[in-house]
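The data block below is start-v2.cif; it holds mmCIF, C-alpha atoms.
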data_coords
loop_
_atom_site.label_atom_id
_atom_site.label_comp_id
_atom_site.auth_asym_id
_atom_site.auth_seq_id
_atom_site.Cartn_x
_atom_site.Cartn_y
_atom_site.Cartn_z
CA MET F 1 66.56 192.17 185.44
CA SER F 2 68.10 191.62 182.02
CA ALA F 3 71.25 190.25 183.61
CA GLY F 4 69.20 188.00 185.89
CA GLU F 5 67.19 186.17 183.25
CA ILE F 6 68.01 184.17 180.13
CA ARG F 7 65.53 182.60 177.78
CA VAL F 8 66.55 179.87 175.34
CA ALA F 9 64.20 178.64 172.62
CA ILE F 10 64.35 174.85 172.35
CA ASN F 11 63.75 173.56 168.84
CA SER F 12 66.48 170.97 168.27
CA ASP F 13 69.18 168.93 169.97
CA GLN F 14 71.63 171.80 169.33
CA ASP F 15 69.52 174.01 171.58
CA ILE F 16 69.90 171.48 174.43
CA VAL F 17 73.65 172.14 174.39
CA ALA F 18 73.12 175.93 174.19
CA ALA F 19 70.67 175.91 177.12
CA ARG F 20 72.91 173.94 179.45
CA GLN F 21 75.95 176.05 178.56
CA LYS F 22 74.06 179.25 179.33
CA GLY F 23 72.81 177.74 182.56
CA ARG F 24 76.33 176.88 183.64
CA VAL F 25 77.57 180.41 182.88
CA MET F 26 74.74 181.87 184.93
CA ALA F 27 75.32 179.45 187.82
CA ASN F 28 78.98 180.45 187.84
CA GLU F 29 78.07 184.14 187.83
CA LEU F 30 75.73 183.58 190.77
CA GLY F 31 78.57 182.04 192.73
CA PHE F 32 77.59 178.37 192.62
CA SER F 33 80.39 175.83 193.06
CA THR F 34 81.61 173.92 190.00
CA GLY F 35 79.89 170.82 191.36
CA ASP F 36 76.54 172.55 191.76
CA ALA F 37 76.91 174.24 188.36
CA THR F 38 77.37 170.76 186.86
CA LEU F 39 74.20 169.50 188.59
CA ILE F 40 72.27 172.54 187.29
CA ALA F 41 73.64 172.15 183.74
CA THR F 42 72.76 168.44 183.78
CA ALA F 43 69.22 169.16 184.96
CA ILE F 44 68.78 171.74 182.19
CA SER F 45 70.04 169.21 179.66
CA GLU F 46 67.45 166.63 180.78
CA LEU F 47 64.57 169.14 180.85
CA ALA F 48 65.45 170.54 177.43
CA ARG F 49 65.74 167.00 176.09
CA ASN F 50 62.23 166.18 177.33
CA ILE F 51 60.96 169.21 175.36
CA VAL F 52 62.67 168.02 172.15
CA SER F 53 61.58 164.39 172.64
CA TYR F 54 57.96 164.93 173.69
CA ALA F 55 56.88 168.42 172.61
CA ARG F 56 59.42 169.13 169.83
CA LYS F 57 59.64 172.79 170.80
CA GLY F 58 59.40 174.97 173.84
CA GLN F 59 61.63 177.17 175.92
CA VAL F 60 63.92 177.13 178.91
CA THR F 61 64.12 180.20 181.14
CA ILE F 62 66.98 180.46 183.59
CA LYS F 63 66.83 183.15 186.25
CA MET F 64 68.13 184.31 189.57
CA VAL F 65 65.75 183.90 192.48
CA ASN F 66 65.83 185.32 195.98
CA GLY F 67 64.73 183.35 199.01
CA LEU F 68 64.37 184.65 202.56
CA ASN F 69 68.06 185.04 203.14
CA ARG F 70 69.50 183.09 200.30
CA GLN F 71 70.01 183.34 196.59
CA GLY F 72 69.41 180.69 194.00
CA ILE F 73 68.77 179.80 190.41
CA ALA F 74 65.47 178.77 188.85
CA VAL F 75 65.04 176.86 185.62
CA ILE F 76 61.63 176.87 183.98
CA ALA F 77 61.10 174.46 181.09
CA SER F 78 57.82 175.02 179.29
CA ASP F 79 56.18 173.66 176.17
CA ASP F 80 52.80 173.48 174.45
CA GLY F 81 53.21 169.78 173.76
CA PRO F 82 50.93 166.83 174.48
CA GLY F 83 51.27 167.16 178.25
CA ILE F 84 51.63 164.35 180.76
CA PRO F 85 48.39 162.50 181.54
CA ASP F 86 49.70 160.82 184.70
CA ILE F 87 52.32 162.89 186.52
CA ARG F 88 52.63 160.42 189.41
CA GLN F 89 53.57 157.71 186.95
CA ALA F 90 55.99 160.03 185.15
CA MET F 91 57.72 160.75 188.46
CA ARG F 92 58.54 157.09 189.02
CA ASP F 93 62.03 155.91 188.08
CA GLY F 94 61.99 153.83 184.95
CA PHE F 95 58.82 155.26 183.41
CA SER F 96 59.01 156.43 179.81
CA THR F 97 56.70 156.73 176.84
CA SER F 98 59.31 157.73 174.26
CA GLY F 99 61.61 154.73 174.48
CA SER F 100 64.20 156.81 176.28
CA LEU F 101 65.83 155.93 179.57
CA GLY F 102 62.75 157.08 181.40
CA LEU F 103 64.38 158.47 184.49
CA GLY F 104 64.37 162.05 183.37
CA LEU F 105 62.03 163.68 185.86
CA PRO F 106 62.82 161.78 189.09
CA GLY F 107 66.51 162.22 188.28
CA VAL F 108 66.11 165.95 187.72
CA ARG F 109 64.32 166.21 191.05
CA ARG F 110 67.31 164.59 192.77
CA LEU F 111 69.74 166.99 191.05
CA MET F 112 67.92 170.11 192.29
CA ASP F 113 66.55 171.41 195.62
CA GLU F 114 63.01 172.19 194.53
CA PHE F 115 60.87 170.64 191.83
CA GLU F 116 57.43 171.58 190.61
CA ILE F 117 55.49 170.31 187.63
CA THR F 118 52.18 171.32 186.11
CA SER F 119 50.86 169.63 183.03
CA GLN F 120 47.60 169.58 181.16
CA PRO F 121 46.98 166.93 178.53
CA GLY F 122 46.82 168.62 175.14
CA ARG F 123 47.98 171.96 176.56
CA GLY F 124 51.55 171.49 177.60
CA THR F 125 53.92 171.07 180.51
CA ILE F 126 55.79 173.47 182.78
CA VAL F 127 58.58 172.17 184.99
CA THR F 128 60.14 174.59 187.47
CA VAL F 129 63.27 173.59 189.40
CA LYS F 130 65.38 175.58 191.82
CA LYS F 131 68.73 175.25 193.47
CA TRP F 132 69.87 177.39 196.36
CA ARG F 133 73.43 178.54 196.77
CA GLN F 134 75.14 176.82 199.67
CA MET Q 1 81.36 168.92 165.62
CA GLU Q 2 83.93 166.33 164.61
CA VAL Q 3 85.32 164.01 167.27
CA PRO Q 4 88.93 163.15 166.54
CA ILE Q 5 89.65 159.41 166.46
CA LEU Q 6 93.31 158.56 166.83
CA LYS Q 7 94.81 155.22 165.88
CA GLN Q 8 97.45 154.00 168.27
CA GLY Q 9 98.63 150.50 167.37
CA ALA Q 10 95.79 148.06 167.97
CA PHE Q 11 93.81 150.69 169.89
CA LEU Q 12 91.65 153.62 168.88
CA ILE Q 13 91.37 156.76 171.00
CA ALA Q 14 88.32 159.00 170.63
CA THR Q 15 88.42 162.35 172.41
CA PHE Q 16 85.04 163.88 173.26
CA GLN Q 17 84.53 167.64 173.30
CA ALA Q 18 82.40 169.58 175.75
CA ALA Q 19 79.58 170.64 173.46
CA LEU Q 20 78.54 167.44 171.71
CA SER Q 21 74.96 167.43 170.48
CA ASP Q 22 72.84 164.28 170.20
CA ALA Q 23 73.50 164.24 166.45
CA ASP Q 24 77.26 164.41 167.08
CA LEU Q 25 77.04 161.51 169.52
CA ASN Q 26 75.04 159.40 167.07
CA GLN Q 27 77.54 160.13 164.34
CA LEU Q 28 80.41 159.21 166.61
CA ARG Q 29 78.77 155.92 167.54
CA MET Q 30 78.66 154.87 163.90
CA GLY Q 31 82.08 156.30 163.11
CA LEU Q 32 83.79 154.46 165.96
CA VAL Q 33 82.33 151.08 165.10
CA GLN Q 34 83.28 151.53 161.43
CA GLN Q 35 86.85 152.42 162.41
CA VAL Q 36 87.11 149.40 164.70
CA VAL Q 37 86.13 147.22 161.74
CA LYS Q 38 88.44 149.04 159.31
CA PHE Q 39 91.54 148.87 161.51
CA ARG Q 40 90.69 145.55 163.18
CA SER Q 41 91.23 147.32 166.49
CA ARG Q 42 91.40 145.36 169.72
CA ALA Q 43 90.14 148.16 171.90
CA VAL Q 44 88.75 151.68 171.99
CA ILE Q 45 89.47 154.34 174.58
CA VAL Q 46 86.81 157.03 174.84
CA ASP Q 47 88.25 160.08 176.58
CA VAL Q 48 85.48 162.20 178.13
CA THR Q 49 87.75 164.50 180.18
CA ALA Q 50 86.40 167.59 178.39
CA MET Q 51 82.74 166.65 178.85
CA ASP Q 52 81.21 168.91 181.47
CA VAL Q 53 77.75 167.33 181.33
CA MET Q 54 76.93 163.64 180.96
CA ASP Q 55 73.18 163.42 180.66
CA SER Q 56 70.97 160.39 180.03
CA PHE Q 57 71.44 160.52 176.27
CA ALA Q 58 75.23 160.77 176.42
CA SER Q 59 75.59 157.92 178.89
CA ARG Q 60 73.17 155.73 176.95
CA THR Q 61 75.20 156.39 173.79
CA LEU Q 62 78.41 155.45 175.60
CA ARG Q 63 76.84 152.20 176.78
CA GLU Q 64 75.66 151.47 173.24
CA ILE Q 65 79.09 152.20 171.80
CA ALA Q 66 80.69 149.82 174.30
CA HIS Q 67 78.11 147.15 173.55
CA MET Q 68 78.51 147.39 169.77
CA ILE Q 69 82.28 147.29 170.05
CA ARG Q 70 82.07 144.24 172.32
CA LEU Q 71 79.91 142.48 169.74
CA ARG Q 72 82.69 143.17 167.30
CA GLY Q 73 85.08 141.41 169.66
CA ALA Q 74 86.89 144.48 170.93
CA GLU Q 75 86.98 146.26 174.26
CA THR Q 76 85.96 149.79 175.31
CA VAL Q 77 87.40 151.82 178.17
CA ILE Q 78 85.85 155.14 179.19
CA VAL Q 79 88.42 157.44 180.71
CA GLY Q 80 88.39 160.88 182.34
CA ILE Q 81 84.91 161.16 183.88
CA GLN Q 82 85.26 164.28 186.03
CA PRO Q 83 84.37 164.00 189.74
CA GLU Q 84 81.46 166.48 189.55
CA VAL Q 85 80.18 164.75 186.39
CA ALA Q 86 80.33 161.39 188.21
CA PHE Q 87 78.36 162.93 191.10
CA ALA Q 88 75.69 164.30 188.75
CA MET Q 89 75.44 160.90 186.99
CA VAL Q 90 74.86 159.11 190.29
CA GLN Q 91 72.19 161.64 191.33
CA LEU Q 92 70.49 161.23 187.97
CA GLY Q 93 70.59 157.44 188.34
CA LEU Q 94 72.85 156.85 185.33
CA THR Q 95 75.20 153.91 185.28
CA LEU Q 96 77.83 152.59 182.90
CA GLU Q 97 77.48 149.02 184.10
CA GLY Q 98 79.52 146.48 182.21
CA VAL Q 99 81.74 149.17 180.71
CA ALA Q 100 85.36 149.45 181.83
CA THR Q 101 86.41 152.86 183.15
CA ALA Q 102 89.76 154.32 184.10
CA LEU Q 103 90.98 157.53 185.72
CA ASP Q 104 92.61 159.03 182.65
CA LEU Q 105 94.12 158.20 179.27
CA GLU Q 106 97.36 156.95 180.80
CA GLU Q 107 95.56 154.56 183.15
CA GLY Q 108 93.29 153.42 180.33
CA LEU Q 109 96.27 152.58 178.12
CA ALA Q 110 98.01 150.82 181.00
CA TYR Q 111 94.88 148.74 181.65
CA LEU Q 112 94.62 147.70 178.00
CA ASN Q 113 98.34 147.03 177.55
CA ASP Q 114 98.27 144.84 180.63
CA LYS Q 115 95.16 143.02 179.48
CA PHE Q 116 96.43 142.26 175.99
CA LYS Q 117 99.91 141.36 177.18
CA THR Q 118 98.61 138.62 179.46
CA ALA Q 119 96.18 137.46 176.78
CA ASN Q 120 98.91 136.96 174.20
#

Go ahead and express the file in the form of structure tokens.
Amino acid sequence: MSAGEIRVAINSDQDIVAARQKGRVMANELGFSTGDATLIATAISELARNIVSYARKGQVTIKMVNGLNRQGIAVIASDDGPGIPDIRQAMRDGFSTSGSLGLGLPGVRRLMDEFEITSQPGRGTIVTVKKWRQ
Amino acid sequence: MEVPILKQGAFLIATFQAALSDADLNQLRMGLVQQVVKFRSRAVIVDVTAMDVMDSFASRTLREIAHMIRLRGAETVIVGIQPEVAFAMVQLGLTLEGVATALDLEEGLAYLNDKFKTAN
């Protein structure tokens, strides 16, 4: 259990780097290819950046997950920030409210195999993404 | 984290490390433009071989660096984007449009030498 789960507090841009590095180490340990580990690390970087940009603080949990007959990695980015009022809009390429590039979420969905988002305005956002080992 | 900027004749070479934070990238953006002014450089090579993740912020900063340096009348070449990093960038929808790229430092230097030789 302890070896299968890492939690990184996200409070600053330094933590973005720490989170993606830990994610890459874990992806390597789980036997992901270098290419897939790069996709996972990039997704973590984007999710952690959203936390810093929109919610200022939150956390990223990276853990091993088991499917029916496959193994994978899950990344859960959660915060108690302002939340996303219109998720459908946020999932469109080019949408941004913070003056950033605005392709964070749709891009992250393309990097990973599974993508799930729940958000409540005023309560926070939880994004869960998974990638299965080939 | 300090990014070393090397002066090589009329060119500057900046070598990125793996673990650059947003603050580091912002600092580098300013530092590079100041150095281009100081040395009256003709071109800048940004070597990203060591970068294992190029996310939206990093690629936006690279585009901004190239744009600022172009406004100054110099050229930027990004070299050493790793194949898996390139793949992740494409998936994420990131582009470096309008910015010259080359395989590695050697190719980048060859490109610039060629360019400035014919221009002179």

Margin query: I'd like the residues picked by the PyMOL selection byres ((chain Q and resi 89) around 9) written out as a PyMOL selection string, using the chain letters and numbers from the file.
Written below: (chain F and resi 39+42) or (chain Q and resi 53-56+59+84-88+90-95)

On this structure, which residues satisfy the PyMOL selection byres ((chain F and resi 60-62) around 9), written as number ranges by chain? F: 4-10, 19, 22-23, 26, 44, 47-48, 58-59, 63-64, 73-79

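The interatomic distance for the pair CA of Pro106 in chain F and CA of Ala55 in chain F works out to 18.7 Å.
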
TODO: Can you pull out every residue within 12 Å of Ile69 in chain Q, counting only C-alpha atoms, but drop anything in the same chain fewer than 6 positions away, and send it as a list in words?
DONE: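 These residues fall inside the cut-off: Leu12, Arg29, Met30, Gly31, Leu32, Val33, Gln34, Gln35, Val36, Val37, Arg40, Ser41, Arg42, Ala43, Val44, Ile45, Val46, Leu62, Arg63, Glu75, Thr76, Val77 and Val99 of chain Q.
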
Quiz item: If you measure from CA of Asn50 in chain F to CA of Gly35 in chain F, what distance in Å do you get, rounded to one decimal?
Solution: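 Taking CA of Asn50 in chain F and CA of Gly35 in chain F, their separation equals 23.0 Å.
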
Chain F residues within 8 Å of chain Q, counting only C-alpha atoms: which ones, as a PyMOL selection string? chain F and resi 13-14+16-17+34-35+38-39+41-42+45-46+101+103-104+106-108+110-111

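Taking CA of Gly122 in chain F and CA of Arg88 in chain F as endpoints, the distance between them is 17.5 Å.
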
Problem - F:Leu68, F:Ile84, F:Leu105, F:Val127 ranked by distance to Tyr54 in chain F, top pick (using all atoms listed in the file) - result: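 So, comparing all the options, the nearest one is F:Ile84.
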
Nearest residue to Glu106 in chain Q out of Q:Ile65, Q:Lys38, Q:Asp47, Q:Val3, using only C-alpha atoms?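 Looking only at the distances to Glu106 in chain Q, the closest residue turns out to be Q:Asp47.
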
- Query: Residues at most 12 Å from Asn69 in chain F, counting only C-alpha atoms, excluding those fewer than 2 positions away in the same chain, as a PyMOL selection string?
  - Reply: chain F and resi 65-67+71-72+132-134

Find the residue from Q:Leu105, Q:Leu112, Q:Ile81, Q:Ile5 that sits nearest to Val48 in chain Q; use only C-alpha atoms when measuring.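 Nearest to Val48 in chain Q: Q:Ile81.
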
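Proximity to Thr49 in chain Q was assessed for Q:Met68, Q:Ile13, Q:Leu103, Q:Leu28 counting all atoms listed in the file; the smallest distance is recorded for Q:Leu103.
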
Among Q:Thr15, Q:Leu6, Q:Gln27, Q:Ile78, Gly98 in chain Q is approached most closely, using only C-alpha atoms, by Q:Ile78

Shortest contact to Gln82 in chain Q, candidates Q:Glu97, Q:Glu64, Q:Asp114, Q:Asp104, atoms counted all atoms listed in the file, goes to Q:Asp104

Around all the atoms of range 42-49 of chain F listed in the file, with 4 Å of room on each side, what axis-aligned box do you get, giving centre and edge lengths in Å to one decimal, as AutoDock Vina command-line options?
--center_x 68.7 --center_y 169.2 --center_z 180.5 --size_x 16.2 --size_y 13.1 --size_z 16.9
